[in-house]
Amino acid sequence: MVRRYVQGAPIKESGPTEDVVSYDARFLDADRQLNETYSMLRTRLFTNTARSAKGTTARWINRRNEAAQVANGEAQETSLENPTAVADREILKMTQARTKQFKQWLETLKSNPKNNPVEAESYSDRADADAKEKRYAAAVQDLQKAIEVDPKNGEYYTELGWYQLFNGKPRESIAASLKALELSPNDSVLIKGNLAHAYLFDTNSTGQRPLSGKPRC
């Protein structure tokens, strides 16, 4: 069995019935580049942050596996295309995007070692876990810590804007979403959706109730 790794963390744990994530040659090459970039990134991290990087990478690998499974399942139901090809394309896209992100992080660490995007992502992951347990105040605090470390990451402001709605603070949500729009204009559709919810819930009343429903994690 071919097993692809990110610094000692296999994409999938081996098992008697486990299939390889992808045999696609483009993915295998992209995964090799991801490993190489990740190794360079780890050399610039302190020991504690390197451990955090391993944890966030493992969680990202799980998200990539889940995305591939979802893409495969949706293709089986709605597409004439080979489901495996659809899943291969999804994991290739995610792998290439992650490599690009790691390279950007390397440049950030070279120019400003105190601005540590790896540590920031660790806080963001923890915020997602908080939100899944409906601990929205804790999720907001973790995202604020992520922003302190990596203040130019629009994605964190987008998440903060959404979780502030569940935290019952629409005006704070508006402020975060406007900042997200400034930093991440390519995500304007999602961010403007957050803003629409926030403006709707901002009634200037003291009895404002938190948004109910399922958070986007």
# chains A, B, ... in the order shown; residues from 1 in each chain; ligands from 1

call {"tool": "residues_around", "arguments": {"residues": "stretch 104-117 of chain A", "least_positions_apart": "6", "cutoff": "10 Å", "atoms": "only C-alpha atoms", "output": "ChimeraX atom specification"}}
result
/A:37-38,40-45,49,53,98,123,146-153

call {"tool": "select_by_dssp", "arguments": {"residues": "stretch 72-185 of chain A", "states": "helix (DSSP H, G or I)", "output": "ChimeraX atom specification"}}
result
/A:72-78,83-111,117-132,136-149,154-166,170-183,185

call {"tool": "residues_around", "arguments": {"residues": "A:Arg64", "least_positions_apart": "2", "cutoff": "10 Å", "atoms": "only C-alpha atoms", "output": "ChimeraX atom specification"}}
result
/A:11,21,58-62,66-70,90-95

call {"tool": "residues_around", "arguments": {"residues": "A:Ser177", "least_positions_apart": "3", "cutoff": "7 Å", "atoms": "only C-alpha atoms", "output": "NGL selection string"}}
result
:A and (157-158 or 161 or 173-174 or 180-181 or 191 or 194-195)

call {"tool": "write_last_selection", "arguments": {"atoms": "C-alpha atoms", "output": "tab-separated table (two decimals), in the first residue's frame"}}
result
chain	number	residue	atom	x	y	z
A	157	TYR	CA	-12.09	37.84	11.04
A	158	THR	CA	-14.73	36.05	8.96
A	161	GLY	CA	-17.88	37.72	12.73
A	173	SER	CA	-19.94	40.77	14.31
A	174	ILE	CA	-20.36	43.68	11.90
A	180	ALA	CA	-12.70	40.50	6.92
A	181	LEU	CA	-14.07	42.14	3.77
A	191	ILE	CA	-18.70	37.76	4.38
A	194	ASN	CA	-22.49	37.27	7.65
A	195	LEU	CA	-23.07	41.02	7.47

call {"tool": "closest_residue", "arguments": {"among": "A:Glu133, A:Ala120, A:Ala71, A:Lys169", "to": "A:Glu155", "atoms": "only C-alpha atoms"}}
result
A:Ala120

call {"tool": "atom_distance", "arguments": {"atom1": "atom CA of A:Val140", "atom2": "atom CA of A:Asp125"}}
result
11.8 Å

call {"tool": "atom_distance", "arguments": {"atom1": "atom CA of A:Ser52", "atom2": "atom CA of A:Leu34"}}
result
17.4 Å

call {"tool": "closest_residue", "arguments": {"among": "A:Lys100, A:Arg51, A:Arg32, A:Arg126", "to": "A:Ala139", "atoms": "only C-alpha atoms"}}
result
A:Arg126

call {"tool": "atom_distance", "arguments": {"atom1": "atom CA of A:Asn35", "atom2": "atom CA of A:Asn65"}}
result
16.5 Å

call {"tool": "residues_around", "arguments": {"residues": "A:Thr84", "least_positions_apart": "2", "cutoff": "12 Å", "atoms": "only C-alpha atoms", "output": "mmCIF file with N, CA and C atoms, in the first residue's frame"}}
result
data_model
loop_
_atom_site.group_PDB
_atom_site.id
_atom_site.type_symbol
_atom_site.label_atom_id
_atom_site.label_comp_id
_atom_site.auth_asym_id
_atom_site.auth_seq_id
_atom_site.Cartn_x
_atom_site.Cartn_y
_atom_site.Cartn_z
ATOM 1 N N ASP A 19 -8.078 1.981 2.020
ATOM 2 C CA ASP A 19 -7.623 2.290 0.672
ATOM 3 C C ASP A 19 -6.710 3.502 0.725
ATOM 4 N N VAL A 20 -5.760 3.556 -0.199
ATOM 5 C CA VAL A 20 -4.910 4.729 -0.290
ATOM 6 C C VAL A 20 -5.768 5.928 -0.654
ATOM 7 N N VAL A 21 -5.392 7.126 -0.190
ATOM 8 C CA VAL A 21 -6.193 8.313 -0.453
ATOM 9 C C VAL A 21 -6.295 8.574 -1.948
ATOM 10 N N SER A 22 -5.173 8.472 -2.655
ATOM 11 C CA SER A 22 -5.191 8.690 -4.104
ATOM 12 C C SER A 22 -3.946 8.095 -4.736
ATOM 13 N N TYR A 23 -4.133 7.461 -5.879
ATOM 14 C CA TYR A 23 -3.000 6.985 -6.670
ATOM 15 C C TYR A 23 -2.652 7.978 -7.778
ATOM 16 N N ASP A 24 -3.402 9.072 -7.852
ATOM 17 C CA ASP A 24 -3.208 10.054 -8.902
ATOM 18 C C ASP A 24 -1.786 10.621 -8.832
ATOM 19 N N ALA A 68 -12.605 14.824 0.461
ATOM 20 C CA ALA A 68 -12.513 13.858 -0.638
ATOM 21 C C ALA A 68 -13.681 12.878 -0.600
ATOM 22 N N GLN A 69 -14.034 12.429 0.591
ATOM 23 C CA GLN A 69 -15.154 11.505 0.727
ATOM 24 C C GLN A 69 -16.475 12.153 0.338
ATOM 25 N N VAL A 70 -16.645 13.413 0.745
ATOM 26 C CA VAL A 70 -17.862 14.141 0.381
ATOM 27 C C VAL A 70 -17.944 14.333 -1.127
ATOM 28 N N ALA A 71 -16.817 14.736 -1.740
ATOM 29 C CA ALA A 71 -16.789 14.944 -3.185
ATOM 30 C C ALA A 71 -17.112 13.656 -3.929
ATOM 31 N N ASN A 72 -16.556 12.544 -3.452
ATOM 32 C CA ASN A 72 -16.827 11.243 -4.067
ATOM 33 C C ASN A 72 -18.307 10.885 -3.958
ATOM 34 N N GLY A 73 -18.860 11.079 -2.748
ATOM 35 C CA GLY A 73 -20.263 10.740 -2.527
ATOM 36 C C GLY A 73 -21.202 11.589 -3.363
ATOM 37 N N GLU A 74 -20.929 12.889 -3.449
ATOM 38 C CA GLU A 74 -21.783 13.777 -4.232
ATOM 39 C C GLU A 74 -21.703 13.440 -5.718
ATOM 40 N N ALA A 75 -20.505 13.067 -6.175
ATOM 41 C CA ALA A 75 -20.340 12.711 -7.581
ATOM 42 C C ALA A 75 -21.119 11.447 -7.923
ATOM 43 N N GLN A 76 -21.167 10.513 -6.999
ATOM 44 C CA GLN A 76 -21.919 9.283 -7.229
ATOM 45 C C GLN A 76 -23.408 9.572 -7.406
ATOM 46 N N SER A 79 -23.277 13.333 -10.552
ATOM 47 C CA SER A 79 -22.386 13.588 -11.678
ATOM 48 C C SER A 79 -22.206 12.347 -12.541
ATOM 49 N N LEU A 80 -21.993 12.594 -13.831
ATOM 50 C CA LEU A 80 -21.658 11.509 -14.742
ATOM 51 C C LEU A 80 -20.164 11.213 -14.725
ATOM 52 N N GLU A 81 -19.414 12.078 -14.072
ATOM 53 C CA GLU A 81 -17.968 11.917 -14.006
ATOM 54 C C GLU A 81 -17.596 10.825 -13.015
ATOM 55 N N ASN A 82 -16.439 10.218 -13.229
ATOM 56 C CA ASN A 82 -15.942 9.193 -12.322
ATOM 57 C C ASN A 82 -15.773 9.786 -10.920
ATOM 58 N N VAL A 86 -13.241 12.888 -9.341
ATOM 59 C CA VAL A 86 -13.734 14.087 -8.657
ATOM 60 C C VAL A 86 -13.034 14.246 -7.304
ATOM 61 N N ALA A 87 -12.939 13.141 -6.560
ATOM 62 C CA ALA A 87 -12.267 13.180 -5.263
ATOM 63 C C ALA A 87 -10.784 13.506 -5.423
ATOM 64 N N ASP A 88 -10.141 12.919 -6.453
ATOM 65 C CA ASP A 88 -8.729 13.213 -6.717
ATOM 66 C C ASP A 88 -8.519 14.699 -6.969
ATOM 67 N N ARG A 89 -9.436 15.292 -7.739
ATOM 68 C CA ARG A 89 -9.312 16.708 -8.055
ATOM 69 C C ARG A 89 -9.455 17.567 -6.803
ATOM 70 N N GLU A 90 -10.341 17.162 -5.914
ATOM 71 C CA GLU A 90 -10.564 17.927 -4.683
ATOM 72 C C GLU A 90 -9.339 17.882 -3.769
ATOM 73 N N ILE A 91 -8.758 16.695 -3.575
ATOM 74 C CA ILE A 91 -7.604 16.617 -2.681
ATOM 75 C C ILE A 91 -6.368 17.248 -3.316
#

call {"tool": "closest_residue", "arguments": {"among": "A:Ala97, A:Ala127, A:Val118, A:Leu165", "to": "A:Ala198", "atoms": "only C-alpha atoms"}}
result
A:Leu165
